[in-house]
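File shown: run_16.csv (CSV, C-alpha atoms).
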chain,number,residue,atom,x,y,z
S,1,PRO,CA,21.3,52.8,-9.7
S,2,ALA,CA,22.5,49.7,-8.0
S,3,PRO,CA,20.4,48.5,-5.0
S,4,ARG,CA,21.8,49.7,-1.7
S,5,VAL,CA,22.7,46.7,0.5
S,6,VAL,CA,22.8,47.7,4.1
S,7,GLU,CA,23.5,44.5,5.9
S,8,VAL,CA,23.8,40.7,5.1
S,9,ALA,CA,23.8,38.0,7.7
S,10,THR,CA,23.8,34.2,7.7
S,11,VAL,CA,20.6,33.0,9.4
S,12,ALA,CA,20.9,29.2,9.6
S,13,LYS,CA,22.3,26.1,8.0
S,14,GLN,CA,19.3,24.5,6.2
S,15,THR,CA,20.5,21.0,5.2
S,16,GLY,CA,22.8,18.3,6.5
S,17,ALA,CA,24.1,17.4,9.9
S,18,GLY,CA,23.7,20.2,12.4
S,19,SER,CA,21.1,22.0,10.4
S,20,VAL,CA,17.8,23.4,11.6
S,21,ASN,CA,16.1,20.7,9.6
S,22,ARG,CA,18.3,17.8,10.4
S,23,THR,CA,17.7,16.5,6.9
S,24,ASP,CA,20.4,13.8,7.4
S,25,LYS,CA,18.2,12.1,10.1
S,26,ARG,CA,14.8,12.9,8.7
S,27,TRP,CA,15.3,12.2,5.0
S,28,GLN,CA,18.8,10.8,4.4
S,29,VAL,CA,19.9,14.1,2.9
S,30,TYR,CA,23.5,14.4,4.3
S,31,GLY,CA,24.8,16.7,1.5
S,32,THR,CA,23.0,18.7,-1.1
S,33,ASP,CA,23.0,22.1,-2.9
S,34,LEU,CA,21.0,24.9,-4.6
S,35,GLY,CA,17.6,25.1,-2.8
S,36,LEU,CA,15.7,27.1,-5.4
S,37,MET,CA,12.2,28.1,-4.2
S,38,TRP,CA,8.7,28.9,-5.5
S,39,GLU,CA,5.2,29.3,-4.0
S,40,SER,CA,3.7,26.0,-4.9
S,41,GLU,CA,0.3,27.0,-3.5
S,42,PRO,CA,-0.8,29.9,-1.3
S,43,GLY,CA,1.0,29.6,2.0
S,44,ARG,CA,3.4,26.9,0.9
S,45,ILE,CA,6.9,27.0,-0.5
S,46,ALA,CA,8.6,24.3,-2.5
S,47,VAL,CA,12.4,24.0,-2.3
S,48,ALA,CA,14.2,22.0,-4.9
S,49,PHE,CA,17.8,20.8,-4.4
S,50,GLY,CA,20.4,19.5,-6.8
S,51,ASP,CA,22.7,16.4,-6.5
S,52,THR,CA,22.0,14.9,-3.1
S,53,VAL,CA,24.1,12.4,-1.1
S,54,GLY,CA,23.2,10.1,1.8
S,55,ARG,CA,25.3,7.8,4.0
S,56,GLY,CA,29.0,8.0,3.5
S,57,PHE,CA,28.8,11.7,2.5
S,58,HIS,CA,32.0,13.7,2.8
S,59,PRO,CA,32.8,17.1,1.4
S,60,PRO,CA,34.1,18.9,-0.5
S,61,GLY,CA,31.4,18.4,-3.1
S,62,GLY,CA,28.8,15.7,-3.0
S,63,GLN,CA,30.9,12.6,-2.4
S,64,GLY,CA,29.4,9.5,-0.9
S,65,GLY,CA,26.6,7.0,-1.5
S,66,ASP,CA,22.8,7.0,-2.0
S,67,TRP,CA,23.2,9.6,-4.8
S,68,ARG,CA,20.0,11.3,-6.0
S,69,SER,CA,20.1,13.9,-8.8
S,70,ASN,CA,17.5,16.1,-7.0
S,71,VAL,CA,15.1,16.2,-4.1
S,72,LEU,CA,12.1,18.4,-3.1
S,73,ALA,CA,11.1,19.8,0.2
S,74,PHE,CA,8.1,21.9,1.4
S,75,SER,CA,7.8,24.7,4.0
S,76,THR,CA,5.0,26.8,5.4
S,77,ASP,CA,7.4,28.7,7.8
S,78,ARG,CA,6.5,32.4,7.7
S,79,ASP,CA,9.1,33.4,10.3
S,80,LEU,CA,12.5,33.1,8.6
S,81,THR,CA,14.5,35.0,11.2
S,82,ASP,CA,15.7,31.8,12.8
S,83,GLY,CA,15.9,29.7,9.6
S,84,MET,CA,13.4,28.0,7.3
S,85,ASN,CA,11.8,24.9,8.7
S,86,PHE,CA,10.9,22.2,6.3
S,87,ASP,CA,7.6,20.4,6.9
S,88,SER,CA,8.1,17.5,4.5
S,89,MET,CA,10.0,16.1,1.6
S,90,ILE,CA,8.8,13.9,-1.3
S,91,GLN,CA,9.8,10.4,-0.2
S,92,ASP,CA,10.1,7.0,-1.9
S,93,SER,CA,10.3,5.1,1.4
S,94,ARG,CA,10.1,5.9,5.1
S,95,CYS,CA,12.6,8.7,6.0
S,96,HIS,CA,14.2,8.8,2.5
S,97,ALA,CA,13.9,11.7,0.1
S,98,ALA,CA,13.0,10.6,-3.4
S,99,GLU,CA,14.7,11.7,-6.7
S,100,ILE,CA,11.9,13.6,-8.4
S,101,LEU,CA,13.5,14.0,-11.9
S,102,GLY,CA,15.3,10.9,-13.1
S,103,SER,CA,18.7,10.8,-14.9
S,104,ARG,CA,20.6,8.1,-16.6
S,105,LYS,CA,23.8,8.7,-14.5
S,106,LEU,CA,26.0,7.9,-17.5
S,107,ASP,CA,28.9,10.2,-18.1
S,108,ASN,CA,28.9,11.7,-21.6
S,109,VAL,CA,25.3,10.6,-22.0
S,110,GLU,CA,23.4,12.1,-19.1
S,111,ILE,CA,25.3,12.2,-15.8
S,112,THR,CA,22.6,14.1,-13.9
S,113,THR,CA,19.4,16.3,-14.1
S,114,ILE,CA,19.5,19.5,-12.2
S,115,PRO,CA,16.5,21.8,-11.4
S,116,THR,CA,17.1,25.5,-12.0
S,117,SER,CA,13.8,27.2,-11.1
S,118,GLY,CA,10.2,26.5,-10.3
S,119,PHE,CA,6.8,28.1,-10.6
S,120,ALA,CA,3.1,27.2,-10.3
S,121,ILE,CA,0.1,28.1,-12.5
S,122,GLY,CA,-3.2,27.0,-11.2
S,123,GLY,CA,-2.8,23.5,-9.8
S,124,ARG,CA,0.2,22.6,-12.0
S,125,GLN,CA,3.8,22.8,-10.8
S,126,TYR,CA,6.6,23.5,-13.3
S,127,LEU,CA,10.4,23.0,-13.0
S,128,THR,CA,13.0,24.2,-15.4
S,129,TYR,CA,16.0,21.9,-15.4
S,130,MET,CA,19.2,21.1,-17.3
S,131,SER,CA,20.2,17.7,-18.5
S,132,ILE,CA,24.0,17.5,-17.8
S,133,ARG,CA,26.0,15.5,-20.3
S,134,THR,CA,29.3,15.8,-18.4
S,135,TRP,CA,31.1,17.9,-15.9
S,136,ASN,CA,34.2,19.5,-17.4
S,137,SER,CA,37.6,19.6,-15.7
S,138,ILE,CA,37.7,23.4,-16.2
S,139,PRO,CA,36.1,25.0,-13.2
S,140,GLY,CA,32.7,26.7,-13.8
S,141,THR,CA,32.0,24.8,-17.0
S,142,TRP,CA,29.9,21.8,-18.0
S,143,TRP,CA,28.1,20.4,-21.1
S,144,THR,CA,24.4,20.1,-21.2
S,145,ASN,CA,22.2,18.0,-23.6
S,146,HIS,CA,19.4,20.5,-23.3
S,147,GLY,CA,17.5,22.8,-20.9
S,148,GLY,CA,13.9,21.8,-20.5
S,149,ILE,CA,10.6,22.1,-18.5
S,150,ALA,CA,9.0,19.3,-16.4
S,151,TYR,CA,5.6,19.5,-14.8
S,152,SER,CA,3.6,17.9,-11.9
S,153,ASP,CA,-0.1,17.7,-11.5
S,154,ASP,CA,-0.1,16.0,-8.1
S,155,GLY,CA,1.5,18.7,-6.0
S,156,GLY,CA,5.1,17.7,-6.8
S,157,SER,CA,5.0,14.0,-5.9
S,158,THR,CA,5.6,12.9,-9.5
S,159,TRP,CA,7.1,14.8,-12.5
S,160,VAL,CA,7.0,14.5,-16.3
S,161,GLU,CA,9.8,15.9,-18.4
S,162,ASP,CA,7.9,17.3,-21.3
S,163,PRO,CA,9.4,15.8,-24.6
S,164,HIS,CA,8.7,19.0,-26.6
S,165,ALA,CA,9.6,21.8,-24.1
S,166,LYS,CA,13.3,21.7,-24.6
S,167,TRP,CA,16.1,24.0,-25.7
S,168,ASP,CA,18.8,21.9,-27.4
S,169,ASN,CA,22.4,22.8,-26.7
S,170,ILE,CA,23.6,23.6,-30.3
S,171,PHE,CA,27.4,23.5,-30.5
S,172,GLY,CA,27.6,23.8,-26.7
S,173,VAL,CA,27.0,27.6,-26.6
S,174,THR,CA,23.2,27.9,-26.7
S,175,ASN,CA,21.3,30.1,-24.3
S,176,PHE,CA,18.5,28.8,-22.0
S,177,GLN,CA,20.4,25.8,-20.8
S,178,VAL,CA,20.3,27.2,-17.2
S,179,ALA,CA,17.0,29.0,-16.8
S,180,ALA,CA,14.9,31.0,-14.3
S,181,ALA,CA,11.2,31.2,-15.0
S,182,VAL,CA,8.9,33.8,-13.4
S,183,PRO,CA,5.1,34.2,-14.1
S,184,ALA,CA,3.9,37.8,-14.2
S,185,HIS,CA,1.2,39.8,-16.1
S,186,GLY,CA,-0.2,36.8,-18.0
S,187,TYR,CA,3.2,35.6,-19.2
S,188,VAL,CA,6.0,33.4,-18.0
S,189,TYR,CA,9.3,35.1,-18.4
S,190,LEU,CA,12.3,32.8,-19.0
S,191,PHE,CA,15.7,34.1,-18.2
S,192,GLY,CA,18.6,31.9,-19.4
S,193,THR,CA,22.3,31.4,-19.7
S,194,PRO,CA,24.5,29.0,-21.6
S,195,ASN,CA,25.9,25.9,-19.9
S,196,THR,CA,28.7,27.6,-18.0
S,197,ARG,CA,29.1,30.1,-15.2
S,198,LEU,CA,30.6,32.5,-17.7
S,199,GLY,CA,27.7,33.5,-20.0
S,200,ALA,CA,25.3,36.5,-20.4
S,201,VAL,CA,21.6,36.4,-19.5
S,202,ALA,CA,19.0,36.2,-22.3
S,203,LEU,CA,15.2,36.5,-22.0
S,204,ALA,CA,12.1,34.9,-23.5
S,205,ARG,CA,8.4,35.1,-22.7
S,206,VAL,CA,5.3,32.9,-23.4
S,207,PRO,CA,1.6,33.2,-22.5
S,208,GLU,CA,1.1,31.3,-19.3
S,209,ASP,CA,-1.3,28.9,-20.9
S,210,ARG,CA,1.3,27.8,-23.5
S,211,VAL,CA,4.3,27.2,-21.3
S,212,LEU,CA,5.0,23.8,-22.9
S,213,GLU,CA,4.9,25.0,-26.5
S,214,PRO,CA,8.3,26.1,-27.7
S,215,ARG,CA,6.9,27.7,-30.8
S,216,ALA,CA,4.8,30.1,-28.7
S,217,TYR,CA,7.9,31.7,-27.1
S,218,GLN,CA,9.1,35.2,-28.1
S,219,TYR,CA,12.7,36.2,-27.5
S,220,TRP,CA,14.0,39.6,-26.6
S,221,ARG,CA,16.3,40.6,-29.4
S,222,ASP,CA,17.8,44.1,-29.9
S,223,GLY,CA,15.0,45.8,-28.1
S,224,ASN,CA,12.0,43.9,-29.5
S,225,TRP,CA,10.0,40.7,-28.8
S,226,THR,CA,10.3,38.4,-31.8
S,227,PRO,CA,10.0,34.7,-32.6
S,228,VAL,CA,12.3,35.3,-35.6
S,229,GLY,CA,15.6,33.4,-35.2
S,230,GLY,CA,14.3,31.4,-32.2
S,231,TYR,CA,16.1,31.1,-29.0
S,232,THR,CA,19.6,31.2,-30.5
S,233,ALA,CA,19.0,34.8,-31.6
S,234,ALA,CA,18.1,36.3,-28.2
S,235,THR,CA,20.4,39.2,-27.2
S,236,PRO,CA,21.7,39.8,-23.6
S,237,VAL,CA,19.6,41.7,-21.1
S,238,VAL,CA,22.5,41.4,-18.6
S,239,HIS,CA,26.1,40.8,-19.6
S,240,GLY,CA,28.0,38.0,-17.9
S,241,PRO,CA,29.5,36.3,-16.2
S,242,ALA,CA,26.3,35.1,-14.6
S,243,ALA,CA,25.6,31.7,-12.9
S,244,GLU,CA,22.7,30.1,-11.0
S,245,LEU,CA,20.2,32.7,-11.9
S,246,SER,CA,17.3,33.6,-9.5
S,247,VAL,CA,14.7,36.1,-10.5
S,248,ARG,CA,11.6,37.4,-8.7
S,249,TYR,CA,8.9,39.9,-9.3
S,250,ASP,CA,7.8,42.0,-6.3
S,251,ALA,CA,4.2,42.9,-7.1
S,252,ALA,CA,3.9,45.3,-4.1
S,253,ALA,CA,6.9,47.4,-5.3
S,254,ASP,CA,6.4,46.7,-9.0
S,255,ARG,CA,10.1,45.8,-9.1
S,256,TRP,CA,12.1,42.9,-10.6
S,257,GLN,CA,15.1,41.5,-8.8
S,258,MET,CA,17.8,39.2,-10.1
S,259,THR,CA,20.5,37.4,-8.1
S,260,TYR,CA,23.3,35.3,-9.4
S,261,LEU,CA,26.9,34.2,-8.9
S,262,ASP,CA,29.3,36.8,-10.5
S,263,THR,CA,32.4,34.6,-11.0
S,264,ALA,CA,34.5,37.7,-11.9
S,265,ASP,CA,33.7,39.3,-8.5
S,266,ALA,CA,33.6,35.9,-6.7
S,267,ALA,CA,30.3,37.0,-5.1
S,268,ILE,CA,26.5,36.7,-5.1
S,269,VAL,CA,25.2,39.9,-6.5
S,270,VAL,CA,21.7,41.5,-7.0
S,271,ARG,CA,20.3,43.7,-9.7
S,272,GLU,CA,16.9,45.4,-10.1
S,273,ALA,CA,14.7,46.6,-13.0
S,274,ALA,CA,11.3,48.0,-13.7
S,275,SER,CA,10.6,45.4,-16.4
S,276,PRO,CA,12.1,42.0,-17.1
S,277,GLN,CA,13.8,43.2,-20.3
S,278,GLY,CA,15.4,46.0,-18.3
S,279,VAL,CA,17.3,48.3,-18.3
S,280,TRP,CA,18.8,46.3,-15.4
S,281,SER,CA,20.7,48.3,-12.7
S,282,GLU,CA,24.3,47.9,-11.9
S,283,SER,CA,25.0,45.0,-9.6
S,284,ALA,CA,25.4,45.2,-5.8
S,285,ARG,CA,27.4,42.7,-3.8
S,286,LEU,CA,25.4,40.6,-1.3
S,287,VAL,CA,28.0,38.1,-0.1
S,288,GLY,CA,31.5,37.1,-1.3
S,289,VAL,CA,34.0,34.3,-0.9
S,290,GLU,CA,35.6,36.1,2.0
S,291,GLN,CA,32.5,35.3,4.1
S,292,HIS,CA,31.6,31.9,2.5
S,293,PRO,CA,34.5,30.3,0.7
S,294,GLU,CA,33.6,28.4,-2.5
S,295,LEU,CA,30.1,29.9,-2.6
S,296,TYR,CA,27.5,29.5,-5.4
S,297,GLY,CA,23.7,29.6,-5.8
S,298,GLY,CA,21.9,32.5,-4.2
S,299,PHE,CA,18.2,31.6,-4.8
S,300,MET,CA,15.7,34.1,-3.5
S,301,HIS,CA,12.8,33.2,-1.2
S,302,PRO,CA,9.5,34.2,-2.8
S,303,TRP,CA,8.2,35.8,0.4
S,304,SER,CA,11.1,38.3,0.5
S,305,THR,CA,10.0,41.9,0.7
S,306,ASP,CA,11.3,45.1,-0.9
S,307,GLU,CA,13.5,45.7,2.1
S,308,ASP,CA,14.2,42.2,3.4
S,309,LEU,CA,15.7,39.7,0.9
S,310,TYR,CA,16.2,36.1,2.0
S,311,PHE,CA,18.2,33.8,-0.2
S,312,MET,CA,19.6,30.2,-0.2
S,313,LEU,CA,23.4,29.9,-0.5
S,314,SER,CA,25.5,26.8,-1.3
S,315,THR,CA,29.2,26.2,-0.6
S,316,TRP,CA,31.3,23.5,-2.2
S,317,SER,CA,33.5,23.1,0.9
S,318,ASP,CA,30.4,22.2,3.1
S,319,TYR,CA,28.2,20.9,0.2
S,320,ASN,CA,25.1,22.1,2.0
S,321,THR,CA,22.8,25.1,2.0
S,322,PHE,CA,22.5,28.2,4.2
S,323,LEU,CA,19.7,30.8,4.5
S,324,LEU,CA,21.0,34.4,4.4
S,325,ARG,CA,19.2,37.7,4.9
S,326,ALA,CA,20.0,41.0,3.2
S,327,ARG,CA,18.5,44.3,4.2
S,328,LEU,CA,18.1,46.9,1.4
S,329,ASP,CA,17.9,50.6,1.9
S,330,ARG,CA,14.8,52.1,0.1

Please lay out the structure from this file as structure tokens.
Amino acid sequence: PAPRVVEVATVAKQTGAGSVNRTDKRWQVYGTDLGLMWESEPGRIAVAFGDTVGRGFHPPGGQGGDWRSNVLAFSTDRDLTDGMNFDSMIQDSRCHAAEILGSRKLDNVEITTIPTSGFAIGGRQYLTYMSIRTWNSIPGTWWTNHGGIAYSDDGGSTWVEDPHAKWDNIFGVTNFQVAAAVPAHGYVYLFGTPNTRLGAVALARVPEDRVLEPRAYQYWRDGNWTPVGGYTAATPVVHGPAAELSVRYDAAADRWQMTYLDTADAAIVVREAASPQGVWSESARLVGVEQHPELYGGFMHPWSTDEDLYFMLSTWSDYNTFLLRARLDR
């Protein structure tokens, strides 16, 4: 059955002017989006944002100067009831958040590089990302060059885009361009969609010590794990439209949760399953455009519990992020 959502409330504005973190004054982050999270080390959460704008920022969207394709914050805040306080951001100069994954910023070549999920294994941090070739004029669509994995061995200060850990976008319709990676039970599970907000969700897995080896991945295809046919042969575990995936494994409840933007419903929805390959439940609505116009994102906080789900929401009209809290009836 679909999860039973009892109540959803907006907790706090997280970024930009007037936010609980005043990222505009502290790190020159006036406008940004996404805010995907992972536990970078015990007791510390990393928060990666997408295209970020500094002075001269004006919505809708990320218009203005001092454009960075992505920035990274950290938080040790355990009490999320009044918002999520950021302790620091990776900086390249005093009071200025650094771009952590570079991009060429050339339209139809590589206009930007957007993080899509993060995780840590041992002392190494990993980011899945998408290399955007161009933003399309059709809403909810864009073209990627590839989806890939970057890593950091210095706590997130510097990152390397691995030259081999890539999923090329063949004919513009390939899965795993937008990905959400979750380590569990000795594997890293990789959920992925094509380069639009309209596609279905496919699934892969790899031993956690072979994350950067594309040939080590197996793909869920018609009820079996197989390397045959590669990533283009993976079959859906959740049918679309699905965008901005976020997936977490709750070890205490032995339950998988998935949130994403359902463009057909104009809402962030949640599904649950007993295993990553499913069967996944029907979706339950968390928040829709009637509460937050032009919403997207919906990235879950790793310290959420089985009954208390915190997630980061973006809106195009504000072009900043908000922390929301959903209560689930168990």

Checklist entry - Using only C-alpha atoms, which of S:Ile138, S:Ala284, S:Leu323, S:Val11 sits nearest Gln257 (chain S)? => result S:Ala284

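With distances taken from (7.0, 24.7, -23.0) and restricted to all atoms listed in the file, the residues inside 7 Å are Ile149, His164, Ala165, Arg210, Val211, Leu212, Glu213 and Pro214 of chain S.
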
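For Asp79 (chain S), the list of residues within 12 Å, based on all atoms listed in the file and with local chain neighbours fewer than 2 positions off taken out, reads S:Val11, S:Ser75, S:Thr76, S:Asp77, S:Thr81, S:Asp82, S:Gly83, S:Met84, S:Asn85, S:Trp303, S:Ser304, S:Tyr310.
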
Checklist entry - Do you know which residues are at most 12 Å from Thr52 (chain S) counting only C-alpha atoms, after dropping those on the same chain fewer than 4 positions away, and could you put them as a PyMOL selection string? => result chain S and resi 15-16+23-24+27-35+48+56-59+61-72+96-100+112-114+319-321

Residues from last step as file, C-alpha atoms, as a short mmCIF file (atom, residue, chain, number, x, y, z; two decimals), in the frame of the given file:
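Below is the file that was written, out.cif:
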data_model
loop_
_atom_site.label_atom_id
_atom_site.label_comp_id
_atom_site.auth_asym_id
_atom_site.auth_seq_id
_atom_site.Cartn_x
_atom_site.Cartn_y
_atom_site.Cartn_z
CA THR S 15 20.50 21.00 5.20
CA GLY S 16 22.80 18.30 6.50
CA THR S 23 17.70 16.50 6.90
CA ASP S 24 20.40 13.80 7.40
CA TRP S 27 15.30 12.20 5.00
CA GLN S 28 18.80 10.80 4.40
CA VAL S 29 19.90 14.10 2.90
CA TYR S 30 23.50 14.40 4.30
CA GLY S 31 24.80 16.70 1.50
CA THR S 32 23.00 18.70 -1.10
CA ASP S 33 23.00 22.10 -2.90
CA LEU S 34 21.00 24.90 -4.60
CA GLY S 35 17.60 25.10 -2.80
CA ALA S 48 14.20 22.00 -4.90
CA GLY S 56 29.00 8.00 3.50
CA PHE S 57 28.80 11.70 2.50
CA HIS S 58 32.00 13.70 2.80
CA PRO S 59 32.80 17.10 1.40
CA GLY S 61 31.40 18.40 -3.10
CA GLY S 62 28.80 15.70 -3.00
CA GLN S 63 30.90 12.60 -2.40
CA GLY S 64 29.40 9.50 -0.90
CA GLY S 65 26.60 7.00 -1.50
CA ASP S 66 22.80 7.00 -2.00
CA TRP S 67 23.20 9.60 -4.80
CA ARG S 68 20.00 11.30 -6.00
CA SER S 69 20.10 13.90 -8.80
CA ASN S 70 17.50 16.10 -7.00
CA VAL S 71 15.10 16.20 -4.10
CA LEU S 72 12.10 18.40 -3.10
CA HIS S 96 14.20 8.80 2.50
CA ALA S 97 13.90 11.70 0.10
CA ALA S 98 13.00 10.60 -3.40
CA GLU S 99 14.70 11.70 -6.70
CA ILE S 100 11.90 13.60 -8.40
CA THR S 112 22.60 14.10 -13.90
CA THR S 113 19.40 16.30 -14.10
CA ILE S 114 19.50 19.50 -12.20
CA TYR S 319 28.20 20.90 0.20
CA ASN S 320 25.10 22.10 2.00
CA THR S 321 22.80 25.10 2.00
#

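Considering the residues S:Arg197, S:Gly172, S:Pro302, S:Ala273 and counting all atoms listed in the file, Ser40 (chain S) has its shortest atom-to-atom contact with S:Pro302.
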
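Coordinates place CA of Thr315 (chain S) at a distance of 5.3 Å from CA of Glu294 (chain S).
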
Next on the checklist: Just want the 12 Å neighbourhood of Leu261 (chain S), counted on all atoms listed in the file, with same-chain residues fewer than 3 positions away dropped. Output as an MDAnalysis selection string.
Outcome noted: chainID S and resid 34 140 196:200 240:246 258 264:271 283:289 294:299 313:315

Those same residues, written as a PDB file, keeping the file's coordinate frame with C-alpha atoms?
ATOM      1  CA  LEU S  34      21.000  24.900  -4.600  1.00  0.00           C
ATOM      2  CA  GLY S 140      32.700  26.700 -13.800  1.00  0.00           C
ATOM      3  CA  THR S 196      28.700  27.600 -18.000  1.00  0.00           C
ATOM      4  CA  ARG S 197      29.100  30.100 -15.200  1.00  0.00           C
ATOM      5  CA  LEU S 198      30.600  32.500 -17.700  1.00  0.00           C
ATOM      6  CA  GLY S 199      27.700  33.500 -20.000  1.00  0.00           C
ATOM      7  CA  ALA S 200      25.300  36.500 -20.400  1.00  0.00           C
ATOM      8  CA  GLY S 240      28.000  38.000 -17.900  1.00  0.00           C
ATOM      9  CA  PRO S 241      29.500  36.300 -16.200  1.00  0.00           C
ATOM     10  CA  ALA S 242      26.300  35.100 -14.600  1.00  0.00           C
ATOM     11  CA  ALA S 243      25.600  31.700 -12.900  1.00  0.00           C
ATOM     12  CA  GLU S 244      22.700  30.100 -11.000  1.00  0.00           C
ATOM     13  CA  LEU S 245      20.200  32.700 -11.900  1.00  0.00           C
ATOM     14  CA  SER S 246      17.300  33.600  -9.500  1.00  0.00           C
ATOM     15  CA  MET S 258      17.800  39.200 -10.100  1.00  0.00           C
ATOM     16  CA  ALA S 264      34.500  37.700 -11.900  1.00  0.00           C
ATOM     17  CA  ASP S 265      33.700  39.300  -8.500  1.00  0.00           C
ATOM     18  CA  ALA S 266      33.600  35.900  -6.700  1.00  0.00           C
ATOM     19  CA  ALA S 267      30.300  37.000  -5.100  1.00  0.00           C
ATOM     20  CA  ILE S 268      26.500  36.700  -5.100  1.00  0.00           C
ATOM     21  CA  VAL S 269      25.200  39.900  -6.500  1.00  0.00           C
ATOM     22  CA  VAL S 270      21.700  41.500  -7.000  1.00  0.00           C
ATOM     23  CA  ARG S 271      20.300  43.700  -9.700  1.00  0.00           C
ATOM     24  CA  SER S 283      25.000  45.000  -9.600  1.00  0.00           C
ATOM     25  CA  ALA S 284      25.400  45.200  -5.800  1.00  0.00           C
ATOM     26  CA  ARG S 285      27.400  42.700  -3.800  1.00  0.00           C
ATOM     27  CA  LEU S 286      25.400  40.600  -1.300  1.00  0.00           C
ATOM     28  CA  VAL S 287      28.000  38.100  -0.100  1.00  0.00           C
ATOM     29  CA  GLY S 288      31.500  37.100  -1.300  1.00  0.00           C
ATOM     30  CA  VAL S 289      34.000  34.300  -0.900  1.00  0.00           C
ATOM     31  CA  GLU S 294      33.600  28.400  -2.500  1.00  0.00           C
ATOM     32  CA  LEU S 295      30.100  29.900  -2.600  1.00  0.00           C
ATOM     33  CA  TYR S 296      27.500  29.500  -5.400  1.00  0.00           C
ATOM     34  CA  GLY S 297      23.700  29.600  -5.800  1.00  0.00           C
ATOM     35  CA  GLY S 298      21.900  32.500  -4.200  1.00  0.00           C
ATOM     36  CA  PHE S 299      18.200  31.600  -4.800  1.00  0.00           C
ATOM     37  CA  LEU S 313      23.400  29.900  -0.500  1.00  0.00           C
ATOM     38  CA  SER S 314      25.500  26.800  -1.300  1.00  0.00           C
ATOM     39  CA  THR S 315      29.200  26.200  -0.600  1.00  0.00           C
TER      40      THR S 315
END

Next on the checklist: What does the structure give for the distance between CA of Pro139 (chain S) and CA of Ala2 (chain S), in Å to one decimal?
Outcome noted: 28.7 Å

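Interatomic distance, CA of Asp87 (chain S) to CA of Ala180 (chain S): 24.8 Å.
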
Hey, can I get the axis-aligned box for region 89-98 of chain S? All listed atoms, 4 Å padding on each side, centre and edge lengths in Å to one decimal, as JSON.
{"center_x": 11.5, "center_y": 10.6, "center_z": 1.3, "size_x": 13.4, "size_y": 19.0, "size_z": 17.4}

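For the choices S:Trp143, S:Tyr129, S:Tyr187, S:Tyr151, the atom-to-atom distance to Val109 (chain S) is smallest for S:Trp143 when using only C-alpha atoms.
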
Checklist outcome for this item: Closest of S:Ile121, S:Ala202, S:Arg44, S:Ala73 to Gln91 (chain S), counting only C-alpha atoms, is S:Ala73
